[in-house]
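Novice: Structure file coords_20.pdb (PDB, N, CA and C atoms) is given on the next line.
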```pdb
ATOM      1  N   MET A   1     -33.308   1.239  39.447
ATOM      2  CA  MET A   1     -33.925   0.068  38.883
ATOM      3  C   MET A   1     -34.387  -0.845  40.002
ATOM      4  N   SER A   2     -35.656  -1.014  40.141
ATOM      5  CA  SER A   2     -36.205  -1.848  41.196
ATOM      6  C   SER A   2     -36.413  -3.271  40.690
ATOM      7  N   VAL A   3     -35.803  -4.228  41.395
ATOM      8  CA  VAL A   3     -35.997  -5.635  41.063
ATOM      9  C   VAL A   3     -36.643  -6.322  42.263
ATOM     10  N   ILE A   4     -37.280  -7.446  41.997
ATOM     11  CA  ILE A   4     -37.882  -8.240  43.061
ATOM     12  C   ILE A   4     -36.918  -9.371  43.385
ATOM     13  N   VAL A   5     -36.621  -9.547  44.661
ATOM     14  CA  VAL A   5     -35.773 -10.649  45.096
ATOM     15  C   VAL A   5     -36.647 -11.620  45.875
ATOM     16  N   LYS A   6     -36.694 -12.854  45.406
ATOM     17  CA  LYS A   6     -37.446 -13.906  46.093
ATOM     18  C   LYS A   6     -36.532 -14.530  47.142
ATOM     19  N   ILE A   7     -36.973 -14.455  48.392
ATOM     20  CA  ILE A   7     -36.183 -14.922  49.521
ATOM     21  C   ILE A   7     -36.602 -16.351  49.871
ATOM     22  N   PRO A   8     -35.652 -17.292  49.896
ATOM     23  CA  PRO A   8     -36.018 -18.668  50.243
ATOM     24  C   PRO A   8     -36.352 -18.793  51.733
ATOM     25  N   THR A   9     -37.148 -19.772  52.058
ATOM     26  CA  THR A   9     -37.607 -19.967  53.436
ATOM     27  C   THR A   9     -36.475 -19.960  54.463
ATOM     28  N   PRO A  10     -35.336 -20.636  54.233
ATOM     29  CA  PRO A  10     -34.281 -20.631  55.258
ATOM     30  C   PRO A  10     -33.692 -19.244  55.543
ATOM     31  N   LEU A  11     -33.836 -18.296  54.619
ATOM     32  CA  LEU A  11     -33.285 -16.947  54.831
ATOM     33  C   LEU A  11     -34.331 -15.951  55.324
ATOM     34  N   ARG A  12     -35.580 -16.340  55.380
ATOM     35  CA  ARG A  12     -36.637 -15.401  55.774
ATOM     36  C   ARG A  12     -36.527 -14.874  57.200
ATOM     37  N   PRO A  13     -35.964 -15.619  58.155
ATOM     38  CA  PRO A  13     -35.795 -15.009  59.478
ATOM     39  C   PRO A  13     -34.933 -13.741  59.427
ATOM     40  N   ILE A  14     -34.003 -13.682  58.490
ATOM     41  CA  ILE A  14     -33.136 -12.507  58.352
ATOM     42  C   ILE A  14     -33.923 -11.320  57.807
ATOM     43  N   THR A  15     -34.908 -11.585  56.939
ATOM     44  CA  THR A  15     -35.697 -10.510  56.317
ATOM     45  C   THR A  15     -37.026 -10.296  57.039
ATOM     46  N   SER A  16     -37.072 -10.646  58.312
ATOM     47  CA  SER A  16     -38.284 -10.494  59.127
ATOM     48  C   SER A  16     -39.472 -11.237  58.526
ATOM     49  N   GLY A  17     -39.209 -12.369  57.906
ATOM     50  CA  GLY A  17     -40.271 -13.203  57.364
ATOM     51  C   GLY A  17     -40.715 -12.861  55.956
ATOM     52  N   LEU A  18     -40.112 -11.846  55.356
ATOM     53  CA  LEU A  18     -40.526 -11.449  54.007
ATOM     54  C   LEU A  18     -40.107 -12.485  52.971
ATOM     55  N   ALA A  19     -41.038 -12.837  52.075
ATOM     56  CA  ALA A  19     -40.760 -13.791  51.003
ATOM     57  C   ALA A  19     -40.238 -13.085  49.758
ATOM     58  N   GLU A  20     -40.552 -11.803  49.624
ATOM     59  CA  GLU A  20     -40.084 -10.985  48.497
ATOM     60  C   GLU A  20     -39.670  -9.618  49.002
ATOM     61  N   VAL A  21     -38.603  -9.110  48.406
ATOM     62  CA  VAL A  21     -38.099  -7.787  48.770
ATOM     63  C   VAL A  21     -37.809  -7.035  47.480
ATOM     64  N   ARG A  22     -38.175  -5.760  47.422
ATOM     65  CA  ARG A  22     -37.836  -4.906  46.272
ATOM     66  C   ARG A  22     -36.552  -4.163  46.601
ATOM     67  N   VAL A  23     -35.613  -4.210  45.655
ATOM     68  CA  VAL A  23     -34.302  -3.594  45.869
ATOM     69  C   VAL A  23     -33.886  -2.880  44.593
ATOM     70  N   GLU A  24     -33.199  -1.760  44.759
ATOM     71  CA  GLU A  24     -32.640  -1.024  43.627
ATOM     72  C   GLU A  24     -31.230  -1.542  43.362
ATOM     73  N   GLY A  25     -30.867  -1.660  42.089
ATOM     74  CA  GLY A  25     -29.515  -2.066  41.748
ATOM     75  C   GLY A  25     -29.376  -2.327  40.265
ATOM     76  N   ALA A  26     -28.147  -2.189  39.760
ATOM     77  CA  ALA A  26     -27.885  -2.389  38.335
ATOM     78  C   ALA A  26     -27.336  -3.778  38.032
ATOM     79  N   THR A  27     -26.765  -4.443  39.060
ATOM     80  CA  THR A  27     -26.224  -5.794  38.882
ATOM     81  C   THR A  27     -26.686  -6.669  40.045
ATOM     82  N   VAL A  28     -26.553  -7.971  39.869
ATOM     83  CA  VAL A  28     -26.910  -8.897  40.945
ATOM     84  C   VAL A  28     -26.051  -8.621  42.175
ATOM     85  N   GLY A  29     -24.765  -8.387  41.982
ATOM     86  CA  GLY A  29     -23.877  -8.103  43.102
ATOM     87  C   GLY A  29     -24.303  -6.879  43.888
ATOM     88  N   GLU A  30     -24.679  -5.824  43.184
ATOM     89  CA  GLU A  30     -25.132  -4.604  43.853
ATOM     90  C   GLU A  30     -26.405  -4.873  44.653
ATOM     91  N   VAL A  31     -27.315  -5.631  44.082
ATOM     92  CA  VAL A  31     -28.566  -5.965  44.780
ATOM     93  C   VAL A  31     -28.265  -6.766  46.048
ATOM     94  N   LEU A  32     -27.389  -7.763  45.949
ATOM     95  CA  LEU A  32     -27.066  -8.576  47.122
ATOM     96  C   LEU A  32     -26.352  -7.762  48.192
ATOM     97  N   ARG A  33     -25.480  -6.838  47.796
ATOM     98  CA  ARG A  33     -24.810  -5.968  48.775
ATOM     99  C   ARG A  33     -25.823  -5.079  49.490
ATOM    100  N   LYS A  34     -26.795  -4.563  48.746
ATOM    101  CA  LYS A  34     -27.822  -3.726  49.373
ATOM    102  C   LYS A  34     -28.680  -4.541  50.335
ATOM    103  N   LEU A  35     -28.985  -5.785  49.953
ATOM    104  CA  LEU A  35     -29.733  -6.651  50.866
ATOM    105  C   LEU A  35     -28.944  -6.888  52.146
ATOM    106  N   ASP A  36     -27.632  -7.076  52.023
ATOM    107  CA  ASP A  36     -26.805  -7.295  53.204
ATOM    108  C   ASP A  36     -26.759  -6.059  54.092
ATOM    109  N   SER A  37     -26.736  -4.877  53.499
ATOM    110  CA  SER A  37     -26.715  -3.668  54.327
ATOM    111  C   SER A  37     -28.074  -3.420  54.981
ATOM    112  N   GLN A  38     -29.131  -3.867  54.338
ATOM    113  CA  GLN A  38     -30.479  -3.684  54.890
ATOM    114  C   GLN A  38     -30.822  -4.778  55.906
ATOM    115  N   TYR A  39     -30.344  -5.988  55.665
ATOM    116  CA  TYR A  39     -30.638  -7.133  56.527
ATOM    117  C   TYR A  39     -29.316  -7.776  56.941
ATOM    118  N   LYS A  40     -28.815  -7.367  58.087
ATOM    119  CA  LYS A  40     -27.508  -7.843  58.563
ATOM    120  C   LYS A  40     -27.475  -9.364  58.641
ATOM    121  N   GLY A  41     -26.402  -9.934  58.112
ATOM    122  CA  GLY A  41     -26.234 -11.377  58.111
ATOM    123  C   GLY A  41     -26.659 -12.033  56.814
ATOM    124  N   PHE A  42     -27.346 -11.282  55.962
ATOM    125  CA  PHE A  42     -27.812 -11.848  54.695
ATOM    126  C   PHE A  42     -26.626 -12.248  53.821
ATOM    127  N   GLY A  43     -25.657 -11.360  53.697
ATOM    128  CA  GLY A  43     -24.504 -11.611  52.836
ATOM    129  C   GLY A  43     -23.704 -12.828  53.243
ATOM    130  N   GLU A  44     -23.491 -13.003  54.540
ATOM    131  CA  GLU A  44     -22.687 -14.149  54.980
ATOM    132  C   GLU A  44     -23.393 -15.477  54.749
ATOM    133  N   ARG A  45     -24.694 -15.448  54.593
ATOM    134  CA  ARG A  45     -25.435 -16.683  54.291
ATOM    135  C   ARG A  45     -25.420 -17.006  52.800
ATOM    136  N   VAL A  46     -25.194 -15.988  51.951
ATOM    137  CA  VAL A  46     -25.274 -16.175  50.496
ATOM    138  C   VAL A  46     -23.900 -16.126  49.829
ATOM    139  N   LEU A  47     -23.000 -15.309  50.365
ATOM    140  CA  LEU A  47     -21.687 -15.104  49.742
ATOM    141  C   LEU A  47     -20.579 -15.763  50.550
ATOM    142  N   ASP A  48     -19.538 -16.231  49.848
ATOM    143  CA  ASP A  48     -18.394 -16.820  50.535
ATOM    144  C   ASP A  48     -17.413 -15.722  50.940
ATOM    145  N   GLU A  49     -16.267 -16.119  51.483
ATOM    146  CA  GLU A  49     -15.278 -15.139  51.947
ATOM    147  C   GLU A  49     -14.727 -14.280  50.821
ATOM    148  N   GLY A  50     -14.717 -14.821  49.602
ATOM    149  CA  GLY A  50     -14.246 -14.069  48.444
ATOM    150  C   GLY A  50     -15.325 -13.198  47.820
ATOM    151  N   LYS A  51     -16.475 -13.119  48.493
ATOM    152  CA  LYS A  51     -17.629 -12.321  48.038
ATOM    153  C   LYS A  51     -18.237 -12.844  46.739
ATOM    154  N   ASN A  52     -18.117 -14.159  46.521
ATOM    155  CA  ASN A  52     -18.795 -14.819  45.406
ATOM    156  C   ASN A  52     -19.965 -15.610  45.971
ATOM    157  N   VAL A  53     -20.932 -15.930  45.128
ATOM    158  CA  VAL A  53     -22.065 -16.728  45.588
ATOM    159  C   VAL A  53     -21.543 -18.087  46.035
ATOM    160  N   LYS A  54     -21.992 -18.521  47.198
ATOM    161  CA  LYS A  54     -21.553 -19.814  47.715
ATOM    162  C   LYS A  54     -21.884 -20.918  46.725
ATOM    163  N   ARG A  55     -21.042 -21.929  46.724
ATOM    164  CA  ARG A  55     -21.130 -23.029  45.761
ATOM    165  C   ARG A  55     -22.480 -23.734  45.783
ATOM    166  N   PHE A  56     -23.097 -23.856  46.953
ATOM    167  CA  PHE A  56     -24.342 -24.603  47.082
ATOM    168  C   PHE A  56     -25.593 -23.731  46.939
ATOM    169  N   ILE A  57     -25.404 -22.502  46.506
ATOM    170  CA  ILE A  57     -26.534 -21.598  46.289
ATOM    171  C   ILE A  57     -26.583 -21.224  44.817
ATOM    172  N   ASN A  58     -27.763 -21.293  44.250
ATOM    173  CA  ASN A  58     -27.971 -20.865  42.864
ATOM    174  C   ASN A  58     -28.773 -19.578  42.871
ATOM    175  N   VAL A  59     -28.374 -18.661  42.024
ATOM    176  CA  VAL A  59     -29.078 -17.385  41.888
ATOM    177  C   VAL A  59     -29.511 -17.251  40.436
ATOM    178  N   PHE A  60     -30.775 -16.947  40.257
ATOM    179  CA  PHE A  60     -31.345 -16.800  38.923
ATOM    180  C   PHE A  60     -31.857 -15.383  38.731
ATOM    181  N   VAL A  61     -31.655 -14.853  37.527
ATOM    182  CA  VAL A  61     -32.320 -13.618  37.107
ATOM    183  C   VAL A  61     -33.358 -14.072  36.102
ATOM    184  N   ASN A  62     -34.595 -13.895  36.480
ATOM    185  CA  ASN A  62     -35.711 -14.443  35.718
ATOM    186  C   ASN A  62     -35.485 -15.952  35.597
ATOM    187  N   GLU A  63     -35.207 -16.480  34.435
ATOM    188  CA  GLU A  63     -35.012 -17.928  34.257
ATOM    189  C   GLU A  63     -33.543 -18.324  34.118
ATOM    190  N   ASP A  64     -32.628 -17.358  34.132
ATOM    191  CA  ASP A  64     -31.222 -17.624  33.823
ATOM    192  C   ASP A  64     -30.348 -17.699  35.073
ATOM    193  N   ASN A  65     -29.580 -18.782  35.180
ATOM    194  CA  ASN A  65     -28.627 -18.931  36.264
ATOM    195  C   ASN A  65     -27.490 -17.933  36.026
ATOM    196  N   ILE A  66     -27.144 -17.145  37.051
ATOM    197  CA  ILE A  66     -26.105 -16.128  36.854
ATOM    198  C   ILE A  66     -24.749 -16.749  36.558
ATOM    199  N   ARG A  67     -24.538 -18.009  36.916
ATOM    200  CA  ARG A  67     -23.267 -18.680  36.598
ATOM    201  C   ARG A  67     -23.113 -18.888  35.093
ATOM    202  N   ASP A  68     -24.228 -18.903  34.377
ATOM    203  CA  ASP A  68     -24.190 -19.030  32.916
ATOM    204  C   ASP A  68     -24.074 -17.668  32.239
ATOM    205  N   ARG A  69     -24.107 -16.618  33.036
ATOM    206  CA  ARG A  69     -24.005 -15.263  32.497
ATOM    207  C   ARG A  69     -22.724 -14.632  33.017
ATOM    208  N   LYS A  70     -22.850 -13.586  33.818
ATOM    209  CA  LYS A  70     -21.665 -12.872  34.319
ATOM    210  C   LYS A  70     -21.564 -12.924  35.840
ATOM    211  N   ASP A  71     -22.066 -13.990  36.440
ATOM    212  CA  ASP A  71     -22.078 -14.125  37.898
ATOM    213  C   ASP A  71     -22.642 -12.859  38.546
ATOM    214  N   LEU A  72     -21.935 -12.312  39.520
ATOM    215  CA  LEU A  72     -22.448 -11.140  40.238
ATOM    216  C   LEU A  72     -22.488  -9.881  39.377
ATOM    217  N   ASP A  73     -21.782  -9.895  38.260
ATOM    218  CA  ASP A  73     -21.808  -8.750  37.345
ATOM    219  C   ASP A  73     -22.978  -8.819  36.365
ATOM    220  N   THR A  74     -23.830  -9.822  36.502
ATOM    221  CA  THR A  74     -25.013  -9.938  35.646
ATOM    222  C   THR A  74     -25.890  -8.711  35.848
ATOM    223  N   GLU A  75     -26.198  -8.041  34.770
ATOM    224  CA  GLU A  75     -27.017  -6.828  34.844
ATOM    225  C   GLU A  75     -28.483  -7.179  35.047
ATOM    226  N   VAL A  76     -29.167  -6.312  35.780
ATOM    227  CA  VAL A  76     -30.604  -6.460  35.989
ATOM    228  C   VAL A  76     -31.286  -5.171  35.573
ATOM    229  N   LYS A  77     -32.551  -5.304  35.211
ATOM    230  CA  LYS A  77     -33.322  -4.113  34.842
ATOM    231  C   LYS A  77     -34.603  -4.083  35.656
ATOM    232  N   SER A  78     -35.220  -2.953  35.683
ATOM    233  CA  SER A  78     -36.443  -2.778  36.446
ATOM    234  C   SER A  78     -37.468  -3.840  36.066
ATOM    235  N   GLY A  79     -38.036  -4.472  37.081
ATOM    236  CA  GLY A  79     -39.037  -5.503  36.851
ATOM    237  C   GLY A  79     -38.494  -6.916  36.835
ATOM    238  N   ASP A  80     -37.156  -7.070  36.776
ATOM    239  CA  ASP A  80     -36.572  -8.411  36.809
ATOM    240  C   ASP A  80     -36.821  -9.054  38.173
ATOM    241  N   THR A  81     -36.761 -10.379  38.189
ATOM    242  CA  THR A  81     -36.895 -11.133  39.430
ATOM    243  C   THR A  81     -35.613 -11.920  39.667
ATOM    244  N   ILE A  82     -35.057 -11.755  40.856
ATOM    245  CA  ILE A  82     -33.893 -12.530  41.278
ATOM    246  C   ILE A  82     -34.392 -13.581  42.263
ATOM    247  N   SER A  83     -34.089 -14.834  41.964
ATOM    248  CA  SER A  83     -34.472 -15.938  42.851
ATOM    249  C   SER A  83     -33.212 -16.548  43.439
ATOM    250  N   ILE A  84     -33.211 -16.716  44.751
ATOM    251  CA  ILE A  84     -32.084 -17.319  45.454
ATOM    252  C   ILE A  84     -32.528 -18.712  45.895
ATOM    253  N   LEU A  85     -31.804 -19.724  45.423
ATOM    254  CA  LEU A  85     -32.193 -21.107  45.708
ATOM    255  C   LEU A  85     -31.043 -21.876  46.349
ATOM    256  N   PRO A  86     -31.104 -22.055  47.672
ATOM    257  CA  PRO A  86     -30.074 -22.872  48.306
ATOM    258  C   PRO A  86     -30.343 -24.348  48.039
ATOM    259  N   SER A  87     -29.271 -25.112  47.885
ATOM    260  CA  SER A  87     -29.426 -26.562  47.761
ATOM    261  C   SER A  87     -29.815 -27.100  49.125
ATOM    262  N   ILE A  88     -30.764 -27.977  49.120
ATOM    263  CA  ILE A  88     -31.204 -28.563  50.381
ATOM    264  C   ILE A  88     -31.018 -30.064  50.273
ATOM    265  N   ALA A  89     -30.296 -30.605  51.220
ATOM    266  CA  ALA A  89     -30.039 -32.044  51.220
ATOM    267  C   ALA A  89     -30.555 -32.639  52.514
ATOM    268  N   GLY A  90     -30.964 -33.848  52.418
ATOM    269  CA  GLY A  90     -31.456 -34.538  53.606
ATOM    270  C   GLY A  90     -30.314 -35.088  54.430
ATOM    271  N   GLY A  91     -30.679 -35.652  55.508
ATOM    272  CA  GLY A  91     -29.688 -36.266  56.374
ATOM    273  C   GLY A  91     -29.434 -37.699  55.959
ATOM    274  N   ARG A  92     -29.011 -38.442  56.862
ATOM    275  CA  ARG A  92     -28.674 -39.837  56.632
ATOM    276  C   ARG A  92     -29.949 -40.664  56.581
ATOM    277  N   ARG A  93     -29.974 -41.626  55.701
ATOM    278  CA  ARG A  93     -31.141 -42.497  55.593
ATOM    279  C   ARG A  93     -31.154 -43.437  56.789
ATOM    280  N   ARG A  94     -32.294 -43.480  57.441
ATOM    281  CA  ARG A  94     -32.418 -44.311  58.630
ATOM    282  C   ARG A  94     -32.839 -45.719  58.244
ATOM    283  N   ARG A  95     -32.185 -46.664  58.791
ATOM    284  CA  ARG A  95     -32.502 -48.063  58.516
ATOM    285  C   ARG A  95     -33.506 -48.545  59.564
ATOM    286  N   LEU A  96     -34.594 -49.123  59.090
ATOM    287  CA  LEU A  96     -35.602 -49.652  60.004
ATOM    288  C   LEU A  96     -35.188 -51.029  60.500
ATOM    289  N   ARG A  97     -35.433 -51.274  61.760
ATOM    290  CA  ARG A  97     -35.132 -52.582  62.337
ATOM    291  C   ARG A  97     -36.381 -53.452  62.301
ATOM    292  N   ARG A  98     -36.159 -54.706  62.056
ATOM    293  CA  ARG A  98     -37.270 -55.660  62.111
ATOM    294  C   ARG A  98     -37.561 -56.006  63.558
ATOM    295  N   LYS A  99     -38.833 -56.128  63.841
ATOM    296  CA  LYS A  99     -39.208 -56.596  65.176
ATOM    297  C   LYS A  99     -39.008 -58.095  65.225
ATOM    298  N   ARG A 100     -38.503 -58.566  66.308
ATOM    299  CA  ARG A 100     -38.275 -60.013  66.454
ATOM    300  C   ARG A 100     -39.304 -60.628  67.329
TER     301      ARG A 100
END
```
What does the file become when written as structure tokens?
Specialist:
Amino acid sequence: MSVIVKIPTPLRPITSGLAEVRVEGATVGEVLRKLDSQYKGFGERVLDEGKNVKRFINVFVNEDNIRDRKDLDTEVKSGDTISILPSIAGGRRRRLRRKR
């Protein structure tokens, strides 16, 4: 079963700049493991030490967040799209000084 995985910009250096990758797999977990074996370092950026999706990363199958389904056991079928969306936060707000 070939699914399309949309790679977010911060992870593209790991996939040699690819924005989309086709991967075979029956579940989200299987797809992510295959991505990690194909692109070293991918798994450690997406999965925590317990091999679950990191808290600040959301993974969607088509329009559905896998946390609302079966997490990594969420089944995928040929033609599905997996989107990986890391939370991005800004830094500290800079205070402007008045000129005197």
Novice: Residues of chain A in strand (DSSP E or B) according to DSSP, as a ChimeraX atom specification?
Specialist: /A:2-6,20-24,27,47,53,57-61,64-65,75,81-86
Novice: Which residues match the PyMOL selection byres ((chain A and resi 34-49) around 8) in the file above, as a list in words?
Specialist: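 Taken over the shown coordinates, the PyMOL selection byres ((chain A and resi 34-49) around 8) returns Leu11, Ile14, Thr15, Ser16, Val23, Glu24, Gly25, Val28, Gly29, Glu30, Val31, Leu32, Arg33, Gly50, Lys51, Asn52, Val53, Lys54, Arg55 and Ile57 of chain A.
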Novice: Suppose we keep N, CA and C atoms; can you now write the selection as a PDB file, in the coordinates of the input?
Specialist:
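Okay, this is what ended up in again.pdb:
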```
ATOM      1  N   LEU A  11     -33.836 -18.296  54.619  1.00  0.00           N
ATOM      2  CA  LEU A  11     -33.285 -16.947  54.831  1.00  0.00           C
ATOM      3  C   LEU A  11     -34.331 -15.951  55.324  1.00  0.00           C
ATOM      4  N   ILE A  14     -34.003 -13.682  58.490  1.00  0.00           N
ATOM      5  CA  ILE A  14     -33.136 -12.507  58.352  1.00  0.00           C
ATOM      6  C   ILE A  14     -33.923 -11.320  57.807  1.00  0.00           C
ATOM      7  N   THR A  15     -34.908 -11.585  56.939  1.00  0.00           N
ATOM      8  CA  THR A  15     -35.697 -10.510  56.317  1.00  0.00           C
ATOM      9  C   THR A  15     -37.026 -10.296  57.039  1.00  0.00           C
ATOM     10  N   SER A  16     -37.072 -10.646  58.312  1.00  0.00           N
ATOM     11  CA  SER A  16     -38.284 -10.494  59.127  1.00  0.00           C
ATOM     12  C   SER A  16     -39.472 -11.237  58.526  1.00  0.00           C
ATOM     13  N   VAL A  23     -35.613  -4.210  45.655  1.00  0.00           N
ATOM     14  CA  VAL A  23     -34.302  -3.594  45.869  1.00  0.00           C
ATOM     15  C   VAL A  23     -33.886  -2.880  44.593  1.00  0.00           C
ATOM     16  N   GLU A  24     -33.199  -1.760  44.759  1.00  0.00           N
ATOM     17  CA  GLU A  24     -32.640  -1.024  43.627  1.00  0.00           C
ATOM     18  C   GLU A  24     -31.230  -1.542  43.362  1.00  0.00           C
ATOM     19  N   GLY A  25     -30.867  -1.660  42.089  1.00  0.00           N
ATOM     20  CA  GLY A  25     -29.515  -2.066  41.748  1.00  0.00           C
ATOM     21  C   GLY A  25     -29.376  -2.327  40.265  1.00  0.00           C
ATOM     22  N   VAL A  28     -26.553  -7.971  39.869  1.00  0.00           N
ATOM     23  CA  VAL A  28     -26.910  -8.897  40.945  1.00  0.00           C
ATOM     24  C   VAL A  28     -26.051  -8.621  42.175  1.00  0.00           C
ATOM     25  N   GLY A  29     -24.765  -8.387  41.982  1.00  0.00           N
ATOM     26  CA  GLY A  29     -23.877  -8.103  43.102  1.00  0.00           C
ATOM     27  C   GLY A  29     -24.303  -6.879  43.888  1.00  0.00           C
ATOM     28  N   GLU A  30     -24.679  -5.824  43.184  1.00  0.00           N
ATOM     29  CA  GLU A  30     -25.132  -4.604  43.853  1.00  0.00           C
ATOM     30  C   GLU A  30     -26.405  -4.873  44.653  1.00  0.00           C
ATOM     31  N   VAL A  31     -27.315  -5.631  44.082  1.00  0.00           N
ATOM     32  CA  VAL A  31     -28.566  -5.965  44.780  1.00  0.00           C
ATOM     33  C   VAL A  31     -28.265  -6.766  46.048  1.00  0.00           C
ATOM     34  N   LEU A  32     -27.389  -7.763  45.949  1.00  0.00           N
ATOM     35  CA  LEU A  32     -27.066  -8.576  47.122  1.00  0.00           C
ATOM     36  C   LEU A  32     -26.352  -7.762  48.192  1.00  0.00           C
ATOM     37  N   ARG A  33     -25.480  -6.838  47.796  1.00  0.00           N
ATOM     38  CA  ARG A  33     -24.810  -5.968  48.775  1.00  0.00           C
ATOM     39  C   ARG A  33     -25.823  -5.079  49.490  1.00  0.00           C
ATOM     40  N   GLY A  50     -14.717 -14.821  49.602  1.00  0.00           N
ATOM     41  CA  GLY A  50     -14.246 -14.069  48.444  1.00  0.00           C
ATOM     42  C   GLY A  50     -15.325 -13.198  47.820  1.00  0.00           C
ATOM     43  N   LYS A  51     -16.475 -13.119  48.493  1.00  0.00           N
ATOM     44  CA  LYS A  51     -17.629 -12.321  48.038  1.00  0.00           C
ATOM     45  C   LYS A  51     -18.237 -12.844  46.739  1.00  0.00           C
ATOM     46  N   ASN A  52     -18.117 -14.159  46.521  1.00  0.00           N
ATOM     47  CA  ASN A  52     -18.795 -14.819  45.406  1.00  0.00           C
ATOM     48  C   ASN A  52     -19.965 -15.610  45.971  1.00  0.00           C
ATOM     49  N   VAL A  53     -20.932 -15.930  45.128  1.00  0.00           N
ATOM     50  CA  VAL A  53     -22.065 -16.728  45.588  1.00  0.00           C
ATOM     51  C   VAL A  53     -21.543 -18.087  46.035  1.00  0.00           C
ATOM     52  N   LYS A  54     -21.992 -18.521  47.198  1.00  0.00           N
ATOM     53  CA  LYS A  54     -21.553 -19.814  47.715  1.00  0.00           C
ATOM     54  C   LYS A  54     -21.884 -20.918  46.725  1.00  0.00           C
ATOM     55  N   ARG A  55     -21.042 -21.929  46.724  1.00  0.00           N
ATOM     56  CA  ARG A  55     -21.130 -23.029  45.761  1.00  0.00           C
ATOM     57  C   ARG A  55     -22.480 -23.734  45.783  1.00  0.00           C
ATOM     58  N   ILE A  57     -25.404 -22.502  46.506  1.00  0.00           N
ATOM     59  CA  ILE A  57     -26.534 -21.598  46.289  1.00  0.00           C
ATOM     60  C   ILE A  57     -26.583 -21.224  44.817  1.00  0.00           C
TER      61      ILE A  57
END
```
Novice: Taking (-31.3, -18.0, 42.5) in the file's own coordinates, collect the residues within 6.5 Å, counting only N, CA and C atoms, and hand them back as a PDB file with N, CA and C atoms, in the frame of the given file.
Specialist:
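Saved as result_9.pdb:
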```
ATOM      1  N   ILE A  57     -25.404 -22.502  46.506  1.00  0.00           N
ATOM      2  CA  ILE A  57     -26.534 -21.598  46.289  1.00  0.00           C
ATOM      3  C   ILE A  57     -26.583 -21.224  44.817  1.00  0.00           C
ATOM      4  N   ASN A  58     -27.763 -21.293  44.250  1.00  0.00           N
ATOM      5  CA  ASN A  58     -27.971 -20.865  42.864  1.00  0.00           C
ATOM      6  C   ASN A  58     -28.773 -19.578  42.871  1.00  0.00           C
ATOM      7  N   VAL A  59     -28.374 -18.661  42.024  1.00  0.00           N
ATOM      8  CA  VAL A  59     -29.078 -17.385  41.888  1.00  0.00           C
ATOM      9  C   VAL A  59     -29.511 -17.251  40.436  1.00  0.00           C
ATOM     10  N   PHE A  60     -30.775 -16.947  40.257  1.00  0.00           N
ATOM     11  CA  PHE A  60     -31.345 -16.800  38.923  1.00  0.00           C
ATOM     12  C   PHE A  60     -31.857 -15.383  38.731  1.00  0.00           C
ATOM     13  N   VAL A  61     -31.655 -14.853  37.527  1.00  0.00           N
ATOM     14  CA  VAL A  61     -32.320 -13.618  37.107  1.00  0.00           C
ATOM     15  C   VAL A  61     -33.358 -14.072  36.102  1.00  0.00           C
ATOM     16  N   ILE A  82     -35.057 -11.755  40.856  1.00  0.00           N
ATOM     17  CA  ILE A  82     -33.893 -12.530  41.278  1.00  0.00           C
ATOM     18  C   ILE A  82     -34.392 -13.581  42.263  1.00  0.00           C
ATOM     19  N   SER A  83     -34.089 -14.834  41.964  1.00  0.00           N
ATOM     20  CA  SER A  83     -34.472 -15.938  42.851  1.00  0.00           C
ATOM     21  C   SER A  83     -33.212 -16.548  43.439  1.00  0.00           C
ATOM     22  N   ILE A  84     -33.211 -16.716  44.751  1.00  0.00           N
ATOM     23  CA  ILE A  84     -32.084 -17.319  45.454  1.00  0.00           C
ATOM     24  C   ILE A  84     -32.528 -18.712  45.895  1.00  0.00           C
ATOM     25  N   LEU A  85     -31.804 -19.724  45.423  1.00  0.00           N
ATOM     26  CA  LEU A  85     -32.193 -21.107  45.708  1.00  0.00           C
ATOM     27  C   LEU A  85     -31.043 -21.876  46.349  1.00  0.00           C
TER      28      LEU A  85
END
```
Novice: Give me, as a list in words, all polymer residues having an atom no more than 6.5 Å from Ile4 (chain A), counting all atoms listed in the file and skipping those fewer than 2 positions away in the same chain.
Specialist: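 Contacts, in chain order: Ser2, Lys6, Glu20, Val21, Arg22, Val23, Gly79, Asp80, Thr81, Ile82 and Ser83 of chain A.
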Novice: If you measure from CA of Asp71 (chain A) to CA of Pro86 (chain A), what distance in Å do you get, rounded to one decimal?
Specialist: 15.8 Å
Novice: Quick one: distance from CA of Arg69 (chain A) to atom C of Val3 (chain A) in Å, one decimal?
Specialist: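 Computed distance, CA of Arg69 (chain A) to atom C of Val3 (chain A), equals 18.3 Å.
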Novice: Quote the spacing between CA of Arg12 (chain A) and CA of Val76 (chain A) in Å to one decimal place.
Specialist: 22.5 Å
Novice: Could you find all residues in region 2-38 of chain A that DSSP calls helix (DSSP H, G or I) from the backbone, and write them as a ChimeraX atom specification?
Specialist: /A:9-11,28-38
Novice: Which residue out of A:Phe56, A:Ser87, A:Leu72, A:Ser78 has the minimum interatomic distance to Thr27 (chain A) when all atoms listed in the file are used?
Specialist: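 Among the listed residues, the smallest separation from Thr27 (chain A) belongs to A:Leu72.
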